[in-house]
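Participant: The structure file run-v6.cif (mmCIF, C-alpha atoms) is provided below.
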data_protein
loop_
_atom_site.label_atom_id
_atom_site.label_comp_id
_atom_site.auth_asym_id
_atom_site.auth_seq_id
_atom_site.Cartn_x
_atom_site.Cartn_y
_atom_site.Cartn_z
CA MET A 1 0.00 0.00 0.00
CA ALA A 2 1.04 3.61 -0.64
CA LYS A 3 0.82 4.54 3.02
CA ASP A 4 0.98 8.29 2.34
CA LEU A 5 -1.88 8.49 -0.21
CA ALA A 6 -5.63 8.95 0.35
CA ILE A 7 -8.54 9.45 -2.04
CA ILE A 8 -10.87 12.29 -1.08
CA LEU A 9 -14.36 12.55 -2.56
CA ASN A 10 -14.83 16.29 -3.02
CA ASN A 11 -17.88 18.03 -4.51
CA GLY A 12 -16.77 21.60 -3.78
CA SER A 13 -18.81 21.91 -0.60
CA LEU A 14 -17.76 23.28 2.77
CA ASN A 15 -17.77 19.75 4.19
CA SER A 16 -15.52 18.62 1.34
CA ALA A 17 -13.06 21.43 2.00
CA VAL A 18 -12.81 20.47 5.67
CA ALA A 19 -12.63 16.71 5.00
CA THR A 20 -9.85 17.29 2.46
CA ALA A 21 -7.93 19.45 4.91
CA VAL A 22 -8.30 16.78 7.62
CA ALA A 23 -7.03 14.10 5.25
CA ALA A 24 -4.12 16.31 4.18
CA GLN A 25 -2.92 16.40 7.79
CA LYS A 26 -1.92 12.75 7.42
CA TYR A 27 -1.87 11.89 3.72
CA ARG A 28 -0.99 13.22 0.30
CA PRO A 29 -4.45 13.81 -1.15
CA ILE A 30 -5.79 12.52 -4.43
CA MET A 31 -8.95 14.54 -5.03
CA LEU A 32 -11.89 12.99 -6.88
CA TYR A 33 -14.88 14.87 -8.30
CA VAL A 34 -17.88 12.96 -9.65
CA GLU A 35 -19.45 14.66 -12.68
CA THR A 36 -23.09 13.65 -13.01
CA GLY A 37 -23.91 15.77 -16.07
CA PRO A 38 -22.70 18.76 -18.11
CA GLN A 39 -25.17 21.15 -16.49
CA THR A 40 -25.22 19.68 -13.00
CA GLY A 41 -23.56 21.55 -10.14
CA LEU A 42 -21.48 23.95 -12.22
CA ARG A 43 -20.89 26.22 -9.23
CA GLY A 44 -19.87 23.25 -7.10
CA ARG A 45 -17.44 22.20 -9.82
CA ALA A 46 -15.91 25.68 -9.84
CA ALA A 47 -15.51 25.50 -6.05
CA TYR A 48 -13.85 22.09 -6.41
CA GLU A 49 -11.34 23.51 -8.87
CA GLN A 50 -10.60 26.35 -6.46
CA GLN A 51 -9.95 23.79 -3.72
CA VAL A 52 -7.64 21.83 -6.05
CA ALA A 53 -5.62 25.03 -6.55
CA VAL A 54 -5.32 25.42 -2.77
CA PHE A 55 -4.51 21.82 -1.82
CA LYS A 56 -2.27 21.05 -4.81
CA PRO A 57 -3.04 17.32 -4.57
CA TYR A 58 -0.76 14.51 -5.69
CA ARG A 59 -3.37 13.78 -8.38
CA GLU A 60 -6.91 14.88 -9.13
CA HIS A 61 -9.54 13.12 -11.21
CA THR A 62 -13.04 13.66 -12.53
CA ALA A 63 -15.23 10.58 -12.80
CA ALA A 64 -17.99 11.04 -15.37
CA MET A 65 -21.17 9.30 -14.22
CA PRO A 66 -23.96 10.99 -16.22
CA PHE A 67 -26.48 8.24 -15.51
CA LEU A 68 -26.66 9.48 -11.91
CA ALA A 69 -28.21 12.80 -12.98
CA SER A 70 -31.59 11.27 -13.82
CA LEU A 71 -31.50 8.83 -10.92
CA THR A 72 -30.75 11.48 -8.29
CA ALA A 73 -32.83 14.36 -9.63
CA GLN A 74 -35.72 13.55 -7.32
CA SER A 75 -33.39 13.22 -4.33
CA ALA A 76 -31.77 16.57 -5.11
CA ALA A 77 -35.13 18.29 -5.33
CA ALA A 78 -36.13 16.86 -1.96
CA ALA A 79 -32.81 17.93 -0.44
CA GLN A 80 -33.48 21.55 -1.32
CA SER A 81 -36.64 21.60 0.77
CA ALA A 82 -35.81 19.26 3.65
CA ASP A 83 -33.03 18.45 6.06
CA PRO A 84 -31.36 15.15 4.97
CA ARG A 85 -31.26 14.15 8.63
CA GLN A 86 -35.05 13.99 8.88
CA THR A 87 -36.58 10.53 9.20
CA GLY A 88 -36.75 8.85 5.81
CA MET A 89 -34.33 11.30 4.16
CA LEU A 90 -30.99 9.78 5.15
CA ALA A 91 -31.44 6.43 3.39
CA PRO A 92 -31.84 7.96 -0.11
CA HIS A 93 -28.82 10.16 0.59
CA LEU A 94 -26.71 7.13 1.51
CA LEU A 95 -27.97 5.31 -1.58
CA ASP A 96 -26.83 8.24 -3.74
CA LEU A 97 -23.42 8.10 -2.05
CA LEU A 98 -22.92 4.40 -2.70
CA PRO A 99 -21.71 4.56 -6.34
CA LEU A 100 -19.48 7.54 -5.48
CA VAL A 101 -17.80 5.72 -2.62
CA THR A 102 -17.29 2.53 -4.59
CA THR A 103 -15.75 4.57 -7.44
CA ALA A 104 -13.40 6.19 -4.93
CA VAL A 105 -12.48 2.74 -3.62
CA ARG A 106 -11.56 1.64 -7.14
CA PHE A 107 -9.27 4.68 -7.48
CA ALA A 108 -7.78 3.81 -4.09
CA SER A 109 -7.06 0.29 -5.27
CA HIS A 110 -5.36 1.66 -8.40
CA TYR A 111 -3.11 3.97 -6.42
CA GLN A 112 -2.75 1.49 -3.54
CA ALA A 113 -3.92 4.28 -1.26
CA SER A 114 -4.47 3.74 2.44
CA ALA A 115 -7.79 5.55 2.85
CA VAL A 116 -10.88 7.01 1.23
CA TYR A 117 -12.26 10.18 2.83
CA LEU A 118 -15.75 11.57 2.38
CA GLY A 119 -17.44 14.61 3.86
CA LEU A 120 -20.60 12.80 4.99
CA ARG A 121 -22.14 14.51 8.02
CA VAL A 122 -25.35 13.55 9.80
CA GLY A 123 -24.85 15.10 13.25
CA PRO A 124 -25.20 13.60 16.71
CA GLY A 125 -28.81 12.39 16.38
CA ALA A 126 -28.82 8.81 17.67
CA ASP A 127 -30.89 7.13 14.93
CA GLU A 128 -29.30 8.90 11.97
CA LEU A 129 -25.78 8.57 13.37
CA ALA A 130 -26.27 4.85 14.00
CA GLN A 131 -27.56 4.38 10.46
CA ALA A 132 -24.68 6.30 8.86
CA THR A 133 -22.08 4.64 11.09
CA GLU A 134 -23.36 1.21 10.09
CA PHE A 135 -23.21 2.29 6.42
CA VAL A 136 -19.52 3.19 6.74
CA GLN A 137 -18.73 0.07 8.77
CA ILE A 138 -20.37 -2.24 6.24
CA LEU A 139 -18.51 -0.57 3.38
CA ASN A 140 -15.24 -1.07 5.23
CA GLU A 141 -16.01 -4.74 5.84
CA LEU A 142 -16.95 -5.24 2.20
CA VAL A 143 -13.79 -3.56 0.91
CA GLN A 144 -11.41 -5.15 3.41
CA LEU A 145 -12.69 -8.75 3.32
CA PRO A 146 -14.42 -9.85 0.10
CA CYS A 147 -12.57 -7.25 -2.01
CA GLU A 148 -9.24 -8.18 -0.41
CA GLN A 149 -8.15 -4.65 0.47
CA PRO A 150 -7.36 -5.27 4.16
CA ASP A 151 -5.35 -2.07 4.64
CA LEU A 152 -7.84 0.29 2.97
CA GLU A 153 -10.08 2.30 5.28
CA ILE A 154 -13.14 4.42 4.44
CA ILE A 155 -13.20 7.45 6.74
CA ALA A 156 -15.96 10.01 7.35
CA PRO A 157 -14.27 12.42 9.79
CA LEU A 158 -17.23 14.79 10.06
CA LEU A 159 -19.91 12.15 10.54
CA GLU A 160 -21.23 13.06 14.00
CA LEU A 161 -20.51 16.79 13.97
CA GLU A 162 -22.95 19.68 14.01
CA PRO A 163 -22.45 22.30 11.25
CA TRP A 164 -20.79 24.74 13.67
CA GLN A 165 -18.35 22.00 14.72
CA VAL A 166 -17.40 21.46 11.07
CA VAL A 167 -16.51 25.15 10.90
CA ASP A 168 -14.51 24.86 14.12
CA VAL A 169 -12.56 21.86 12.81
CA GLY A 170 -12.04 23.65 9.50
CA VAL A 171 -10.43 26.60 11.27
CA GLN A 172 -8.20 24.25 13.27
CA VAL A 173 -6.91 22.44 10.16
CA ASN A 174 -6.67 25.62 8.07
CA ALA A 175 -9.27 24.49 5.54
CA PRO A 176 -10.06 26.97 2.72
CA LEU A 177 -13.54 27.71 4.04
CA GLU A 178 -14.00 30.54 1.55
CA LYS A 179 -13.69 27.95 -1.26
CA GLY A 180 -16.51 25.76 0.05
CA TRP A 181 -19.77 26.32 -1.84
CA SER A 182 -22.93 26.02 0.27
CA CYS A 183 -25.54 27.87 -1.81
CA LEU A 184 -28.21 25.84 -3.60
CA GLU A 185 -28.37 28.37 -6.42
CA GLU A 186 -26.17 28.34 -9.54
CA THR A 187 -25.12 31.98 -9.21
CA PRO A 188 -21.69 33.67 -9.10
CA ASP A 189 -22.25 34.75 -5.49
CA PRO A 190 -24.18 33.07 -2.65
CA CYS A 191 -27.82 34.14 -2.38
CA TRP A 192 -27.71 34.05 1.45
CA ALA A 193 -31.40 33.13 1.42
CA CYS A 194 -31.58 29.43 0.55
CA ARG A 195 -31.38 26.61 3.09
CA GLY A 196 -27.72 25.96 2.30
CA CYS A 197 -26.74 29.60 2.85
CA ARG A 198 -28.81 29.89 6.02
CA THR A 199 -27.24 26.72 7.45
CA ARG A 200 -23.78 28.05 6.65
CA GLU A 201 -24.50 31.43 8.22
CA ALA A 202 -25.85 29.79 11.39
CA ALA A 203 -22.83 27.46 11.58
CA PHE A 204 -20.31 30.31 11.49
CA THR A 205 -22.37 32.33 13.97
CA GLN A 206 -22.60 29.43 16.43
CA ALA A 207 -18.89 28.69 16.02
CA GLY A 208 -18.11 32.33 16.76
CA LYS A 209 -16.07 32.63 13.55
CA PRO A 210 -16.32 35.17 10.72
CA ASP A 211 -17.31 33.64 7.40
CA PRO A 212 -14.42 34.36 4.99
CA LEU A 213 -16.80 33.99 2.04
CA ARG A 214 -18.75 37.02 3.24
CA GLY A 215 -15.48 38.88 3.59
CA LEU A 216 -14.80 38.33 -0.13
CA ARG A 217 -18.01 40.11 -1.18
CA LYS A 218 -17.55 43.53 -2.71
#
Show me, as structure tokens, the structure contained in the file I just sent.

Facilitator:
Amino acid sequence: MAKDLAIILNNGSLNSAVATAVAAQKYRPIMLYVETGPQTGLRGRAAYEQQVAVFKPYREHTAAMPFLASLTAQSAAAAQSADPRQTGMLAPHLLDLLPLVTTAVRFASHYQASAVYLGLRVGPGADELAQATEFVQILNELVQLPCEQPDLEIIAPLLELEPWQVVDVGVQVNAPLEKGWSCLEETPDPCWACRGCRTREAAFTQAGKPDPLRGLRK
């Protein structure tokens, strides 16, 4: 195994920026972006590229998986109007993550990397945390035993954190928080009105930290 390499699933989000920074504390990162369609998440893609420029990874890849666009359209629409941690919402989110994680595992096998990092966060809620923890544990067992990758670990370092704790960790590991895109709109600047922007604003307020993205506004 290449003990100093880790694959990081990164979609340009704030969670991705922090998870990548956490991984970079221990490993040389290989950043992986999953492209689900030519018009899907353009602003997130731009944020990912900005994070690549900051982290200067050992390698970076884009995995084209256009079939996911039609399969996840309904899930994405629901996510814009509901908290993924609500009862019944987490399972579809984990299902959407499954092909992304397995793709990252294949890249890890190619590079003989030691770990796969993802920015999955569900918070401390007992039911949701237990469900997500079991998801990660089962994936690890599948990869390490039947797939014969005993030294490869799937890691979700933000899993049980609240949004404000993600911000706090991000500050501690010097994550480029201003490069993490949280807005649900495909606009040059955050709208500061959607659920994503409101969650971000509340997280920085509760963490007692200034949002560097607001500081970049003219």

Participant: Find the residue from A:Leu90, A:Leu139, A:Ala23, A:Val34 that sits nearest to A:Ala69; use all atoms listed in the file when measuring.

Facilitator: A:Val34

Participant: Find the spatial neighbours of stretch 110-116 of chain A, counting all atoms listed in the file, within a cut-off of 12 Å - ignore same-chain residues fewer than 3 positions away - and output them as an mmCIF file with C-alpha atoms, keeping the file's coordinate frame.

Facilitator:
data_model
loop_
_atom_site.group_PDB
_atom_site.id
_atom_site.type_symbol
_atom_site.label_atom_id
_atom_site.label_comp_id
_atom_site.auth_asym_id
_atom_site.auth_seq_id
_atom_site.Cartn_x
_atom_site.Cartn_y
_atom_site.Cartn_z
ATOM 1 C CA MET A 1 0.000 0.000 0.000
ATOM 2 C CA ALA A 2 1.040 3.610 -0.640
ATOM 3 C CA LYS A 3 0.820 4.540 3.020
ATOM 4 C CA ASP A 4 0.980 8.290 2.340
ATOM 5 C CA LEU A 5 -1.880 8.490 -0.210
ATOM 6 C CA ALA A 6 -5.630 8.950 0.350
ATOM 7 C CA ILE A 7 -8.540 9.450 -2.040
ATOM 8 C CA ILE A 8 -10.870 12.290 -1.080
ATOM 9 C CA LEU A 9 -14.360 12.550 -2.560
ATOM 10 C CA ASN A 10 -14.830 16.290 -3.020
ATOM 11 C CA ALA A 19 -12.630 16.710 5.000
ATOM 12 C CA THR A 20 -9.850 17.290 2.460
ATOM 13 C CA VAL A 22 -8.300 16.780 7.620
ATOM 14 C CA ALA A 23 -7.030 14.100 5.250
ATOM 15 C CA ALA A 24 -4.120 16.310 4.180
ATOM 16 C CA LYS A 26 -1.920 12.750 7.420
ATOM 17 C CA TYR A 27 -1.870 11.890 3.720
ATOM 18 C CA ARG A 28 -0.990 13.220 0.300
ATOM 19 C CA PRO A 29 -4.450 13.810 -1.150
ATOM 20 C CA ILE A 30 -5.790 12.520 -4.430
ATOM 21 C CA MET A 31 -8.950 14.540 -5.030
ATOM 22 C CA LEU A 32 -11.890 12.990 -6.880
ATOM 23 C CA TYR A 58 -0.760 14.510 -5.690
ATOM 24 C CA ARG A 59 -3.370 13.780 -8.380
ATOM 25 C CA GLU A 60 -6.910 14.880 -9.130
ATOM 26 C CA LEU A 100 -19.480 7.540 -5.480
ATOM 27 C CA VAL A 101 -17.800 5.720 -2.620
ATOM 28 C CA THR A 102 -17.290 2.530 -4.590
ATOM 29 C CA THR A 103 -15.750 4.570 -7.440
ATOM 30 C CA ALA A 104 -13.400 6.190 -4.930
ATOM 31 C CA VAL A 105 -12.480 2.740 -3.620
ATOM 32 C CA ARG A 106 -11.560 1.640 -7.140
ATOM 33 C CA PHE A 107 -9.270 4.680 -7.480
ATOM 34 C CA GLY A 119 -17.440 14.610 3.860
ATOM 35 C CA LEU A 120 -20.600 12.800 4.990
ATOM 36 C CA VAL A 136 -19.520 3.190 6.740
ATOM 37 C CA LEU A 139 -18.510 -0.570 3.380
ATOM 38 C CA ASN A 140 -15.240 -1.070 5.230
ATOM 39 C CA VAL A 143 -13.790 -3.560 0.910
ATOM 40 C CA GLN A 144 -11.410 -5.150 3.410
ATOM 41 C CA GLN A 149 -8.150 -4.650 0.470
ATOM 42 C CA PRO A 150 -7.360 -5.270 4.160
ATOM 43 C CA ASP A 151 -5.350 -2.070 4.640
ATOM 44 C CA LEU A 152 -7.840 0.290 2.970
ATOM 45 C CA GLU A 153 -10.080 2.300 5.280
ATOM 46 C CA ILE A 154 -13.140 4.420 4.440
ATOM 47 C CA ILE A 155 -13.200 7.450 6.740
ATOM 48 C CA ALA A 156 -15.960 10.010 7.350
ATOM 49 C CA PRO A 157 -14.270 12.420 9.790
#

Participant: For the PyMOL selection byres ((chain A and resi 188) around 12), applied here, can you spell out every residue it catches as a list in words?

Facilitator: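 Applying the expression gives Leu42, Arg43, Gly44, Ala46, Ala47, Trp181, Cys183, Leu184, Glu185, Glu186, Thr187, Asp189, Pro190, Cys191 and Arg217 of chain A.
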
Participant: Go through A:Gly170, A:Gly180, A:Pro66, A:Pro212 and flag the residue nearest A:Val18, using all atoms listed in the file for the distances.

Facilitator: A:Gly170

Participant: Using atom CA of A:Glu35 and atom CA of A:Thr62 as the two end points, give the distance in Å to one decimal.

Facilitator: 6.5 Å

Participant: Please put the answer as lines of an AutoDock Vina configuration file: centre and edge lengths, in Å with one decimal, of a box along x, y and z that encloses all listed atoms of stretch 142-147 of chain A plus 5 Å on each side.

Facilitator:
center_x = -14.2
center_y = -6.7
center_z = 0.7
size_x = 15.5
size_y = 16.3
size_z = 15.4

Participant: Quick one: pull the distance between atom CA of A:Phe135 and atom CA of A:Ala207, Å, one decimal.

Facilitator: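 Computing the Euclidean distance for atom CA of A:Phe135 and atom CA of A:Ala207 yields 28.4 Å.
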
Participant: Given all atoms listed in the file as the basis, pick out the residue of A:Gln50, A:Ser16, A:Thr36, A:Gln131 nearest to A:Val167.

Facilitator: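 Smallest distance to A:Val167 is found for A:Ser16.
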
Participant: Expressed in Å to a single decimal, how great is the separation between atom CA of A:Ala126 and atom CA of A:Leu145?

Facilitator: 27.8 Å

Participant: Would you kindly return, as a list in words, each protein, DNA or RNA residue with an atom no farther than 7 Å from any atom of A:Ala17, considering only C-alpha atoms and excluding same-chain residues fewer than 6 positions away?

Facilitator: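 Listing them by chain and then by number gives Gln51, Ala175, Pro176, Leu177 and Gly180 of chain A.
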
Participant: Ranking A:Pro99, A:Glu134, A:Pro124, A:Ser109 by minimum distance to A:Glu148 and counting all atoms listed in the file, which one comes first?

Facilitator: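 The closest residue to A:Glu148 is A:Ser109.
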
Participant: Set the distance at 8 Å and use only C-alpha atoms: which residues neighbour stretch 121-123 of chain A once local chain neighbours fewer than 5 positions away are removed? I'd like the list as a ChimeraX atom specification.

Facilitator: /A:15,84-85,128-129,132,156,158-163

Participant: Kindly extract all protein, DNA and RNA residues lying within 12 Å of the coordinates (-23.7, 30.5, 12.5) given in the file, considering all atoms listed in the file, and supply them as a ChimeraX atom specification.

Facilitator: /A:162-168,196-211

Participant: Now that the selection is made, can you save its residues with C-alpha atoms as a PDB file, in the frame of the given file?

Facilitator:
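The resulting file, selection_32.pdb, is shown below:
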ATOM      1  CA  GLU A 162     -22.950  19.680  14.010  1.00  0.00           C
ATOM      2  CA  PRO A 163     -22.450  22.300  11.250  1.00  0.00           C
ATOM      3  CA  TRP A 164     -20.790  24.740  13.670  1.00  0.00           C
ATOM      4  CA  GLN A 165     -18.350  22.000  14.720  1.00  0.00           C
ATOM      5  CA  VAL A 166     -17.400  21.460  11.070  1.00  0.00           C
ATOM      6  CA  VAL A 167     -16.510  25.150  10.900  1.00  0.00           C
ATOM      7  CA  ASP A 168     -14.510  24.860  14.120  1.00  0.00           C
ATOM      8  CA  GLY A 196     -27.720  25.960   2.300  1.00  0.00           C
ATOM      9  CA  CYS A 197     -26.740  29.600   2.850  1.00  0.00           C
ATOM     10  CA  ARG A 198     -28.810  29.890   6.020  1.00  0.00           C
ATOM     11  CA  THR A 199     -27.240  26.720   7.450  1.00  0.00           C
ATOM     12  CA  ARG A 200     -23.780  28.050   6.650  1.00  0.00           C
ATOM     13  CA  GLU A 201     -24.500  31.430   8.220  1.00  0.00           C
ATOM     14  CA  ALA A 202     -25.850  29.790  11.390  1.00  0.00           C
ATOM     15  CA  ALA A 203     -22.830  27.460  11.580  1.00  0.00           C
ATOM     16  CA  PHE A 204     -20.310  30.310  11.490  1.00  0.00           C
ATOM     17  CA  THR A 205     -22.370  32.330  13.970  1.00  0.00           C
ATOM     18  CA  GLN A 206     -22.600  29.430  16.430  1.00  0.00           C
ATOM     19  CA  ALA A 207     -18.890  28.690  16.020  1.00  0.00           C
ATOM     20  CA  GLY A 208     -18.110  32.330  16.760  1.00  0.00           C
ATOM     21  CA  LYS A 209     -16.070  32.630  13.550  1.00  0.00           C
ATOM     22  CA  PRO A 210     -16.320  35.170  10.720  1.00  0.00           C
ATOM     23  CA  ASP A 211     -17.310  33.640   7.400  1.00  0.00           C
TER      24      ASP A 211
END

Participant: For a quick check of understanding, using all atoms listed in the file, which of A:Phe67, A:Gln25, A:Ala91, A:Leu98 has the smallest distance to A:Leu118?

Facilitator: A:Leu98

Participant: Could you add the missing atoms to stretch 146-163 of chain A, up to N, CA and C atoms, and return them as a PDB file, keeping the file's coordinate frame?

Facilitator:
ATOM      1  N   PRO A 146     -14.185  -9.243   1.410  1.00  0.00           N
ATOM      2  CA  PRO A 146     -14.420  -9.850   0.100  1.00  0.00           C
ATOM      3  C   PRO A 146     -13.578  -9.231  -1.025  1.00  0.00           C
ATOM      4  N   CYS A 147     -13.331  -7.922  -0.955  1.00  0.00           N
ATOM      5  CA  CYS A 147     -12.570  -7.250  -2.010  1.00  0.00           C
ATOM      6  C   CYS A 147     -11.064  -7.315  -1.792  1.00  0.00           C
ATOM      7  N   GLU A 148     -10.647  -7.919  -0.696  1.00  0.00           N
ATOM      8  CA  GLU A 148      -9.240  -8.180  -0.410  1.00  0.00           C
ATOM      9  C   GLU A 148      -8.388  -6.905  -0.430  1.00  0.00           C
ATOM     10  N   GLN A 149      -8.906  -5.877   0.258  1.00  0.00           N
ATOM     11  CA  GLN A 149      -8.150  -4.650   0.470  1.00  0.00           C
ATOM     12  C   GLN A 149      -8.040  -4.417   1.979  1.00  0.00           C
ATOM     13  N   PRO A 150      -7.327  -5.291   2.686  1.00  0.00           N
ATOM     14  CA  PRO A 150      -7.360  -5.270   4.160  1.00  0.00           C
ATOM     15  C   PRO A 150      -6.806  -4.001   4.783  1.00  0.00           C
ATOM     16  N   ASP A 151      -5.971  -3.274   4.066  1.00  0.00           N
ATOM     17  CA  ASP A 151      -5.350  -2.070   4.640  1.00  0.00           C
ATOM     18  C   ASP A 151      -6.049  -0.787   4.227  1.00  0.00           C
ATOM     19  N   LEU A 152      -7.119  -0.894   3.442  1.00  0.00           N
ATOM     20  CA  LEU A 152      -7.840   0.290   2.970  1.00  0.00           C
ATOM     21  C   LEU A 152      -8.982   0.620   3.921  1.00  0.00           C
ATOM     22  N   GLU A 153      -9.054   1.879   4.331  1.00  0.00           N
ATOM     23  CA  GLU A 153     -10.080   2.300   5.280  1.00  0.00           C
ATOM     24  C   GLU A 153     -10.921   3.436   4.683  1.00  0.00           C
ATOM     25  N   ILE A 154     -12.231   3.338   4.835  1.00  0.00           N
ATOM     26  CA  ILE A 154     -13.140   4.420   4.440  1.00  0.00           C
ATOM     27  C   ILE A 154     -13.416   5.255   5.680  1.00  0.00           C
ATOM     28  N   ILE A 155     -13.156   6.556   5.579  1.00  0.00           N
ATOM     29  CA  ILE A 155     -13.200   7.450   6.740  1.00  0.00           C
ATOM     30  C   ILE A 155     -14.152   8.612   6.471  1.00  0.00           C
ATOM     31  N   ALA A 156     -15.047   8.851   7.411  1.00  0.00           N
ATOM     32  CA  ALA A 156     -15.960  10.010   7.350  1.00  0.00           C
ATOM     33  C   ALA A 156     -15.697  10.850   8.602  1.00  0.00           C
ATOM     34  N   PRO A 157     -14.708  11.738   8.570  1.00  0.00           N
ATOM     35  CA  PRO A 157     -14.270  12.420   9.790  1.00  0.00           C
ATOM     36  C   PRO A 157     -15.266  13.414  10.375  1.00  0.00           C
ATOM     37  N   LEU A 158     -16.270  13.786   9.583  1.00  0.00           N
ATOM     38  CA  LEU A 158     -17.230  14.790  10.060  1.00  0.00           C
ATOM     39  C   LEU A 158     -18.562  14.167  10.463  1.00  0.00           C
ATOM     40  N   LEU A 159     -18.641  12.869  10.484  1.00  0.00           N
ATOM     41  CA  LEU A 159     -19.910  12.150  10.540  1.00  0.00           C
ATOM     42  C   LEU A 159     -20.837  12.643  11.651  1.00  0.00           C
ATOM     43  N   GLU A 160     -20.344  12.772  12.880  1.00  0.00           N
ATOM     44  CA  GLU A 160     -21.230  13.060  14.000  1.00  0.00           C
ATOM     45  C   GLU A 160     -21.234  14.536  14.405  1.00  0.00           C
ATOM     46  N   LEU A 161     -20.641  15.391  13.599  1.00  0.00           N
ATOM     47  CA  LEU A 161     -20.510  16.790  13.970  1.00  0.00           C
ATOM     48  C   LEU A 161     -21.744  17.612  13.599  1.00  0.00           C
ATOM     49  N   GLU A 162     -21.979  18.657  14.368  1.00  0.00           N
ATOM     50  CA  GLU A 162     -22.950  19.680  14.010  1.00  0.00           C
ATOM     51  C   GLU A 162     -22.281  20.626  13.009  1.00  0.00           C
ATOM     52  N   PRO A 163     -23.061  21.390  12.228  1.00  0.00           N
ATOM     53  CA  PRO A 163     -22.450  22.300  11.250  1.00  0.00           C
ATOM     54  C   PRO A 163     -21.434  23.261  11.860  1.00  0.00           C
TER      55      PRO A 163
END
